[in-house]
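Coordinates from model-v5.txt are shown below (compact mmCIF, C-alpha atoms).
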```txt
# COMPACT_ATOMS: atom_id res chain seq x y z
CA MET P 262 62.14 -40.88 101.92
CA ASP P 263 59.88 -41.34 98.89
CA VAL P 264 56.83 -40.24 100.86
CA PHE P 265 58.60 -37.38 102.65
CA PRO P 266 58.07 -34.79 99.83
CA ILE P 267 54.32 -35.43 99.97
CA LEU P 268 54.32 -34.85 103.72
CA LEU P 269 56.40 -31.70 103.27
CA VAL P 270 53.99 -30.23 100.70
CA ILE P 271 50.93 -30.97 102.85
CA VAL P 272 52.47 -29.50 105.98
CA PHE P 273 53.69 -26.39 104.17
CA PHE P 274 50.33 -25.51 102.64
CA GLN P 275 48.38 -26.39 105.77
CA VAL P 276 50.59 -24.30 108.08
CA PHE P 277 51.78 -21.41 105.92
CA VAL P 278 49.06 -21.01 103.26
CA ILE P 279 45.82 -22.21 104.83
CA GLN P 280 47.18 -21.26 108.26
CA LYS P 281 45.03 -23.66 110.21
CA SER P 282 45.83 -26.60 112.42
CA PHE P 283 45.46 -30.15 111.14
CA PRO P 284 41.98 -31.56 111.79
CA ASN P 285 42.13 -34.87 113.68
CA LEU P 286 45.91 -34.74 113.90
CA GLY P 287 46.22 -38.07 115.72
CA THR P 288 44.13 -39.91 113.14
CA THR P 289 46.06 -38.22 110.33
CA LEU P 290 49.42 -39.31 111.74
CA VAL P 291 48.23 -42.88 112.22
CA GLY P 292 46.88 -42.94 108.66
CA PHE P 293 50.12 -41.56 107.27
CA ALA P 294 52.11 -44.21 109.14
CA LEU P 295 49.84 -46.91 107.70
CA VAL P 296 50.41 -45.51 104.19
CA VAL P 297 54.20 -45.66 104.63
CA PHE P 298 54.04 -49.17 106.06
CA GLY P 299 51.65 -50.33 103.32
CA LEU P 300 53.88 -48.95 100.57
CA PHE P 301 56.89 -50.67 102.09
CA ILE P 302 55.10 -54.03 102.23
CA PHE P 303 53.72 -53.55 98.71
CA ILE P 304 57.14 -52.79 97.20
CA GLN P 305 58.63 -55.82 98.95
CA GLY P 306 55.84 -57.95 97.49
CA LEU P 307 56.48 -56.61 94.00
CA GLU P 308 60.20 -57.34 94.15
CA SER P 309 59.88 -60.77 95.73
CA ALA P 310 56.79 -62.14 93.97
CA LEU P 311 54.95 -60.21 91.28
CA PHE P 312 57.83 -59.11 89.06
CA PRO P 313 59.61 -62.49 89.13
CA LEU P 314 56.30 -64.32 88.63
CA GLY P 315 55.34 -62.21 85.62
CA GLU P 316 58.75 -62.62 83.99
CA ARG P 317 58.83 -66.35 84.71
CA MET P 318 55.39 -66.92 83.20
CA ALA P 319 56.34 -64.86 80.14
CA HIS P 320 59.44 -67.04 79.74
CA GLN P 321 57.39 -70.21 80.05
CA PHE P 322 54.86 -69.04 77.49
CA ALA P 323 57.66 -68.08 75.12
CA GLN P 324 59.12 -71.58 75.48
CA LYS P 325 55.69 -73.11 74.88
CA GLY P 326 55.68 -71.39 71.50
CA ASP P 327 51.89 -71.12 71.10
CA ILE P 328 51.13 -67.50 70.20
CA ARG P 329 47.42 -67.89 70.92
CA TRP P 330 48.04 -68.73 74.58
CA ILE P 331 50.51 -65.87 74.99
CA VAL P 332 48.05 -63.38 73.50
CA PHE P 333 45.20 -64.72 75.63
CA PHE P 334 47.40 -64.51 78.72
CA GLY P 335 48.13 -60.85 77.90
CA PHE P 336 44.39 -60.15 77.62
CA ALA P 337 43.48 -62.08 80.77
CA LEU P 338 46.25 -60.44 82.78
CA GLY P 339 45.23 -56.94 81.72
CA PHE P 340 41.54 -57.62 82.36
CA SER P 341 41.95 -59.25 85.76
CA THR P 342 44.44 -56.74 87.16
CA THR P 343 42.28 -53.82 86.06
CA ILE P 344 39.13 -55.24 87.64
CA ALA P 345 41.11 -55.53 90.88
CA GLU P 346 42.34 -51.92 90.78
CA PRO P 347 41.03 -50.12 93.90
CA ALA P 348 41.32 -46.73 92.20
CA LEU P 349 39.03 -47.85 89.36
CA THR P 350 36.42 -49.11 91.81
CA VAL P 351 36.39 -45.81 93.69
CA ILE P 352 36.25 -43.64 90.56
CA ALA P 353 33.57 -45.79 88.91
CA ASN P 354 31.35 -45.54 92.00
CA LYS P 355 31.86 -41.78 92.09
CA ALA P 356 31.10 -41.49 88.38
CA GLY P 357 27.89 -43.48 88.82
CA LYS P 358 26.65 -41.18 91.58
CA LEU P 359 27.51 -38.06 89.60
CA ALA P 360 25.81 -39.44 86.49
CA ALA P 361 22.67 -40.03 88.53
CA ASP P 362 22.82 -36.53 90.02
CA ALA P 363 23.20 -35.05 86.52
CA GLY P 364 20.18 -36.96 85.26
CA THR P 365 22.19 -39.01 82.77
CA ILE P 366 20.92 -42.23 84.35
CA SER P 367 18.17 -43.05 86.80
CA ALA P 368 18.94 -42.30 90.44
CA GLN P 369 17.71 -45.75 91.49
CA PRO P 370 20.31 -48.15 92.98
CA GLY P 371 19.87 -50.66 90.15
CA PRO P 372 20.72 -48.35 87.22
CA ILE P 373 23.61 -46.82 89.17
CA ALA P 374 25.05 -50.27 89.93
CA ASP P 375 24.67 -51.28 86.27
CA TYR P 376 26.41 -48.09 85.15
CA VAL P 377 29.30 -48.64 87.57
CA LEU P 378 29.68 -52.29 86.56
CA GLY P 379 29.50 -51.41 82.88
CA LEU P 380 32.17 -48.76 83.32
CA ARG P 381 34.49 -51.12 85.20
CA LEU P 382 34.03 -53.93 82.66
CA THR P 383 34.60 -51.53 79.77
CA VAL P 384 37.87 -50.27 81.23
CA ALA P 385 38.99 -53.80 82.13
CA PHE P 386 38.21 -55.09 78.64
CA SER P 387 40.10 -52.20 77.06
CA VAL P 388 43.20 -52.87 79.16
CA GLY P 389 42.94 -56.57 78.39
CA LEU P 390 42.79 -55.75 74.70
CA ALA P 391 45.81 -53.48 75.12
CA GLY P 392 47.67 -56.36 76.76
CA ALA P 393 46.85 -58.69 73.87
CA ILE P 394 47.83 -56.10 71.25
CA GLY P 395 51.01 -55.31 73.16
CA VAL P 396 52.00 -58.97 73.22
CA ILE P 397 51.43 -59.26 69.46
CA ARG P 398 53.49 -56.12 68.92
CA ILE P 399 56.41 -57.55 70.90
CA ILE P 400 56.25 -60.87 69.05
CA LYS P 401 56.07 -59.23 65.63
CA GLY P 402 58.51 -56.42 66.45
CA TRP P 403 56.13 -53.68 65.29
CA PRO P 404 57.04 -50.08 66.30
CA LEU P 405 55.12 -48.71 69.26
CA MET P 406 54.69 -45.36 67.49
CA TRP P 407 52.21 -46.84 65.02
CA PHE P 408 49.83 -47.88 67.77
CA VAL P 409 50.18 -44.67 69.78
CA MET P 410 49.53 -42.41 66.79
CA ALA P 411 46.58 -44.48 65.56
CA GLY P 412 45.12 -44.75 69.07
CA TYR P 413 45.25 -41.05 69.86
CA GLY P 414 43.90 -40.27 66.40
CA LEU P 415 40.84 -42.39 67.19
CA ILE P 416 40.57 -40.74 70.59
CA MET P 417 40.52 -37.26 69.07
CA VAL P 418 37.77 -38.25 66.62
CA THR P 419 35.69 -40.02 69.29
CA THR P 420 35.96 -36.99 71.59
CA LEU P 421 33.93 -34.99 69.06
CA PHE P 422 30.96 -37.35 69.42
CA ALA P 423 31.20 -38.41 73.08
CA PRO P 424 28.88 -36.89 75.72
CA LYS P 425 30.54 -34.03 77.55
CA GLU P 426 29.85 -35.69 80.90
CA ILE P 427 31.99 -38.73 80.03
CA ILE P 428 34.99 -37.06 78.38
CA GLY P 429 36.75 -36.08 81.60
CA ILE P 430 36.15 -39.51 83.13
CA ALA P 431 37.45 -41.17 79.97
CA TYR P 432 40.67 -39.20 79.87
CA ASP P 433 41.27 -39.87 83.56
CA ALA P 434 40.54 -43.58 83.09
CA GLY P 435 43.93 -44.08 81.47
CA GLY P 436 45.73 -42.90 84.57
CA ILE P 437 43.38 -44.71 86.91
CA THR P 438 43.93 -48.12 85.33
CA THR P 439 47.72 -47.89 85.18
CA SER P 440 48.08 -48.04 88.93
CA THR P 441 49.46 -50.22 91.70
CA ILE P 442 48.32 -53.65 90.53
CA THR P 443 48.26 -53.38 86.75
CA VAL P 444 51.61 -51.70 86.11
CA PRO P 445 53.97 -54.22 87.80
CA LEU P 446 52.42 -57.34 86.26
CA VAL P 447 51.91 -55.93 82.76
CA THR P 448 55.41 -54.46 82.73
CA ALA P 449 56.88 -57.77 83.90
CA LEU P 450 55.01 -59.53 81.10
CA GLY P 451 56.35 -57.18 78.42
CA VAL P 452 59.94 -57.21 79.67
CA GLY P 453 59.85 -60.96 80.19
CA LEU P 454 58.63 -61.64 76.65
CA ALA P 455 61.13 -59.26 75.07
CA THR P 456 63.93 -60.86 77.08
CA PHE P 457 63.23 -64.41 76.00
CA ILE P 458 62.10 -63.87 72.38
CA ARG P 459 65.06 -63.98 70.05
CA GLY P 460 65.80 -60.68 68.32
CA ARG P 461 63.89 -58.50 70.79
CA ASN P 462 65.41 -55.83 73.00
CA PRO P 463 63.88 -55.63 76.52
CA ILE P 464 64.35 -51.85 76.64
CA ILE P 465 63.08 -51.09 73.13
CA ASP P 466 60.42 -53.80 72.80
CA GLY P 467 59.65 -54.78 76.39
CA PHE P 468 58.28 -51.45 77.54
CA GLY P 469 55.28 -49.79 75.96
CA LEU P 470 52.50 -52.06 77.20
CA ILE P 471 51.58 -49.49 79.83
CA ALA P 472 51.31 -46.81 77.13
CA LEU P 473 48.73 -48.94 75.33
CA ALA P 474 47.01 -49.79 78.61
CA SER P 475 46.60 -46.09 79.39
CA LEU P 476 45.43 -45.25 75.87
CA THR P 477 42.68 -47.80 75.23
CA PRO P 478 40.52 -46.97 78.30
CA ILE P 479 40.14 -43.37 77.07
CA LEU P 480 38.72 -44.58 73.76
CA PHE P 481 36.54 -47.33 75.18
CA VAL P 482 35.05 -45.25 77.99
CA MET P 483 33.98 -42.57 75.50
CA VAL P 484 32.39 -45.28 73.35
CA PHE P 485 30.70 -46.58 76.51
CA GLY P 486 29.35 -43.07 77.13
CA ILE P 487 27.99 -42.83 73.60
CA VAL P 488 26.26 -46.22 73.88
CA ALA P 489 24.90 -45.47 77.38
CA GLN P 490 23.49 -42.17 76.14
CA GLU P 491 21.72 -43.84 73.24
CA VAL P 492 20.26 -46.53 75.48
```
Can I see the file as structure tokens?
Amino acid sequence: MDVFPILLVIVFFQVFVIQKSFPNLGTTLVGFALVVFGLFIFIQGLESALFPLGERMAHQFAQKGDIRWIVFFGFALGFSTTIAEPALTVIANKAGKLAADAGTISAQPGPIADYVLGLRLTVAFSVGLAGAIGVIRIIKGWPLMWFVMAGYGLIMVTTLFAPKEIIGIAYDAGGITTSTITVPLVTALGVGLATFIRGRNPIIDGFGLIALASLTPILFVMVFGIVAQEV
């Protein structure tokens, strides 16, 4: 039922607006069935493993009482989940090819691979940093608004100096990173910490990590573009 509106939109525009038959209809139907089945399996995995695991580990770290390990765990979790994001891999590869076509970098395989790797590592580091900052914010009880206002202020200033070719990629990077793998684990971490730290409200303090995780890649990718242009 969740996927049905997507199917409805595609069928409507293909039949009534474009007014052409579906190319490779059999392959399309098989692919759509695989998407539905994959989403079903993924959601079951989230509910049975990832969410409970994230909350349990957050509880255990809170009991351990060592802030340094909790903060490092927030960084490592954000970094590792972002590196594993399929959407980031696809977009980074596409950005590398387009940068080579535009003459921003050399069209040789080596420079393109370095650009793609640098972009992925930059985004992953930024999300890891967001995870660490988010954990500190939950522990200290600092308002989320402070970080959001300061972050977007820096983004607006950096946009003035970033290369035009990287700005669109940077702003999309926030949405790319907060995808299927990162969101469940990072959210479970935030909610788990806020649940087990005395004086914290899971609704008020537990959520907000994803906001930071979608904000920092925009800033860091534009900085990456500035540095890559200078080099």
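Going from atom CA of P:Phe333 to atom CA of P:Thr456 covers 19.2 Å.
Atom CA of P:Gly392 is found 17.5 Å from atom CA of P:Phe457.
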(message) Tell me which residues come within 8 Å of (64.1, -57.8, 81.8), as a ChimeraX atom specification, counting all atoms listed in the file in the file's coordinates.
(response) /P:316,449,452-453,455-456,463-464,467
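Our summary of the geometry notes that atom CA of P:Ala337 is positioned 24.9 Å from atom CA of P:Met410.
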(request) Would you mind listing what lies within 12 Å of P:Ser367 as a PyMOL selection string, with only C-alpha atoms counted and same-chain residues fewer than 6 positions away left out? (result) chain P and resi 357-361+373-376+489-490
Sorted by chain and rising residue number, list the residues of stretch 352-418 of chain P at most 10 Å from stretch 324-329 of chain P (counting all atoms listed in the file), each with its closest atom pair and distance in Å to one decimal, as JSON lines.
```
{"residue": "P:Ala393", "atom": "CA", "partner": "P:Arg329", "partner_atom": "CA", "distance": 9.7}
{"residue": "P:Val396", "atom": "CA", "partner": "P:Ile328", "partner_atom": "CA", "distance": 9.1}
{"residue": "P:Ile397", "atom": "CA", "partner": "P:Ile328", "partner_atom": "CA", "distance": 8.3}
{"residue": "P:Ile400", "atom": "CA", "partner": "P:Ile328", "partner_atom": "CA", "distance": 8.5}
```
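Candidate residues P:Ala368, P:Phe334, P:Leu470, P:Leu450 were compared for distance to P:Arg317, and the nearest is P:Leu450, using only C-alpha atoms.
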Within 9 Å of (40.9, -46.4, 86.8), only C-alpha atoms: residues as a PDB file with C-alpha atoms, in the coordinates of the input?
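File selection-v4.pdb, as written:
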```
ATOM      1  CA  THR P 343      42.280 -53.820  86.060  1.00  0.00           C
ATOM      2  CA  GLU P 346      42.340 -51.920  90.780  1.00  0.00           C
ATOM      3  CA  PRO P 347      41.030 -50.120  93.900  1.00  0.00           C
ATOM      4  CA  ALA P 348      41.320 -46.730  92.200  1.00  0.00           C
ATOM      5  CA  LEU P 349      39.030 -47.850  89.360  1.00  0.00           C
ATOM      6  CA  THR P 350      36.420 -49.110  91.810  1.00  0.00           C
ATOM      7  CA  VAL P 351      36.390 -45.810  93.690  1.00  0.00           C
ATOM      8  CA  ILE P 352      36.250 -43.640  90.560  1.00  0.00           C
ATOM      9  CA  ALA P 353      33.570 -45.790  88.910  1.00  0.00           C
ATOM     10  CA  ARG P 381      34.490 -51.120  85.200  1.00  0.00           C
ATOM     11  CA  VAL P 384      37.870 -50.270  81.230  1.00  0.00           C
ATOM     12  CA  ALA P 385      38.990 -53.800  82.130  1.00  0.00           C
ATOM     13  CA  ASP P 433      41.270 -39.870  83.560  1.00  0.00           C
ATOM     14  CA  ALA P 434      40.540 -43.580  83.090  1.00  0.00           C
ATOM     15  CA  GLY P 435      43.930 -44.080  81.470  1.00  0.00           C
ATOM     16  CA  GLY P 436      45.730 -42.900  84.570  1.00  0.00           C
ATOM     17  CA  ILE P 437      43.380 -44.710  86.910  1.00  0.00           C
ATOM     18  CA  THR P 438      43.930 -48.120  85.330  1.00  0.00           C
ATOM     19  CA  THR P 439      47.720 -47.890  85.180  1.00  0.00           C
ATOM     20  CA  SER P 440      48.080 -48.040  88.930  1.00  0.00           C
ATOM     21  CA  PRO P 478      40.520 -46.970  78.300  1.00  0.00           C
TER      22      PRO P 478
END
```
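Using all atoms listed in the file for every distance, the candidate list P:Gln321, P:Ser475, P:Thr365, P:Ser387 yields P:Thr365 as the residue closest to P:Ile427.
Among P:Leu300, P:Ile344, P:Met483, P:Ile458, the residue with the shortest atom-to-atom distance to P:Ile399, counting all atoms listed in the file, is P:Ile458.
Taking only C-alpha atoms into account, P:Ser309 lies nearest to P:Pro445 out of the set P:Pro445, P:Ala345, P:Pro266, P:Val297.
With distances taken over all atoms listed in the file, P:Ile394 is the one residue among P:Ile394, P:Val418, P:Val276, P:Val270 lying closest to P:Gly335.
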(request) Kindly indicate which residue among P:Ala474, P:Leu269, P:Met262, P:Val377 lies nearest to P:Thr448, using all atoms listed in the file for the distances. (result) P:Ala474
(request) Skip P:Ile487 itself and residues of its chain fewer than 6 positions away, then list as a PyMOL selection string all residues within 8 Å of it, counting all atoms listed in the file. (result) chain P and resi 422-424
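Using all atoms listed in the file, the residues found no farther than 12 Å from P:Gly299, other than those of its own chain fewer than 6 positions away, are Val264, Gly292, Phe293, Gln305, Gly306 and Thr441 of chain P.
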Please write the residues from the selection above to a file, keeping C-alpha atoms, as a compact mmCIF listing (two decimals), in the coordinates of the input.
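This went into again_26.txt:
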```txt
# COMPACT_ATOMS: atom_id res chain seq x y z
CA VAL P 264 56.83 -40.24 100.86
CA GLY P 292 46.88 -42.94 108.66
CA PHE P 293 50.12 -41.56 107.27
CA GLN P 305 58.63 -55.82 98.95
CA GLY P 306 55.84 -57.95 97.49
CA THR P 441 49.46 -50.22 91.70
```
(request) Write out as number ranges by chain which residues come within 12 Å of P:Gly414 when counting all atoms listed in the file, dropping same-chain ones fewer than 6 positions away. (result) P: 406-408, 420-421, 476-477, 479-480
(request) May I have the residues within 9 Å of P:Gly402 as a PyMOL selection string, using all atoms listed in the file and disregarding those fewer than 5 positions away in the same chain? (result) chain P and resi 397+460-461+466
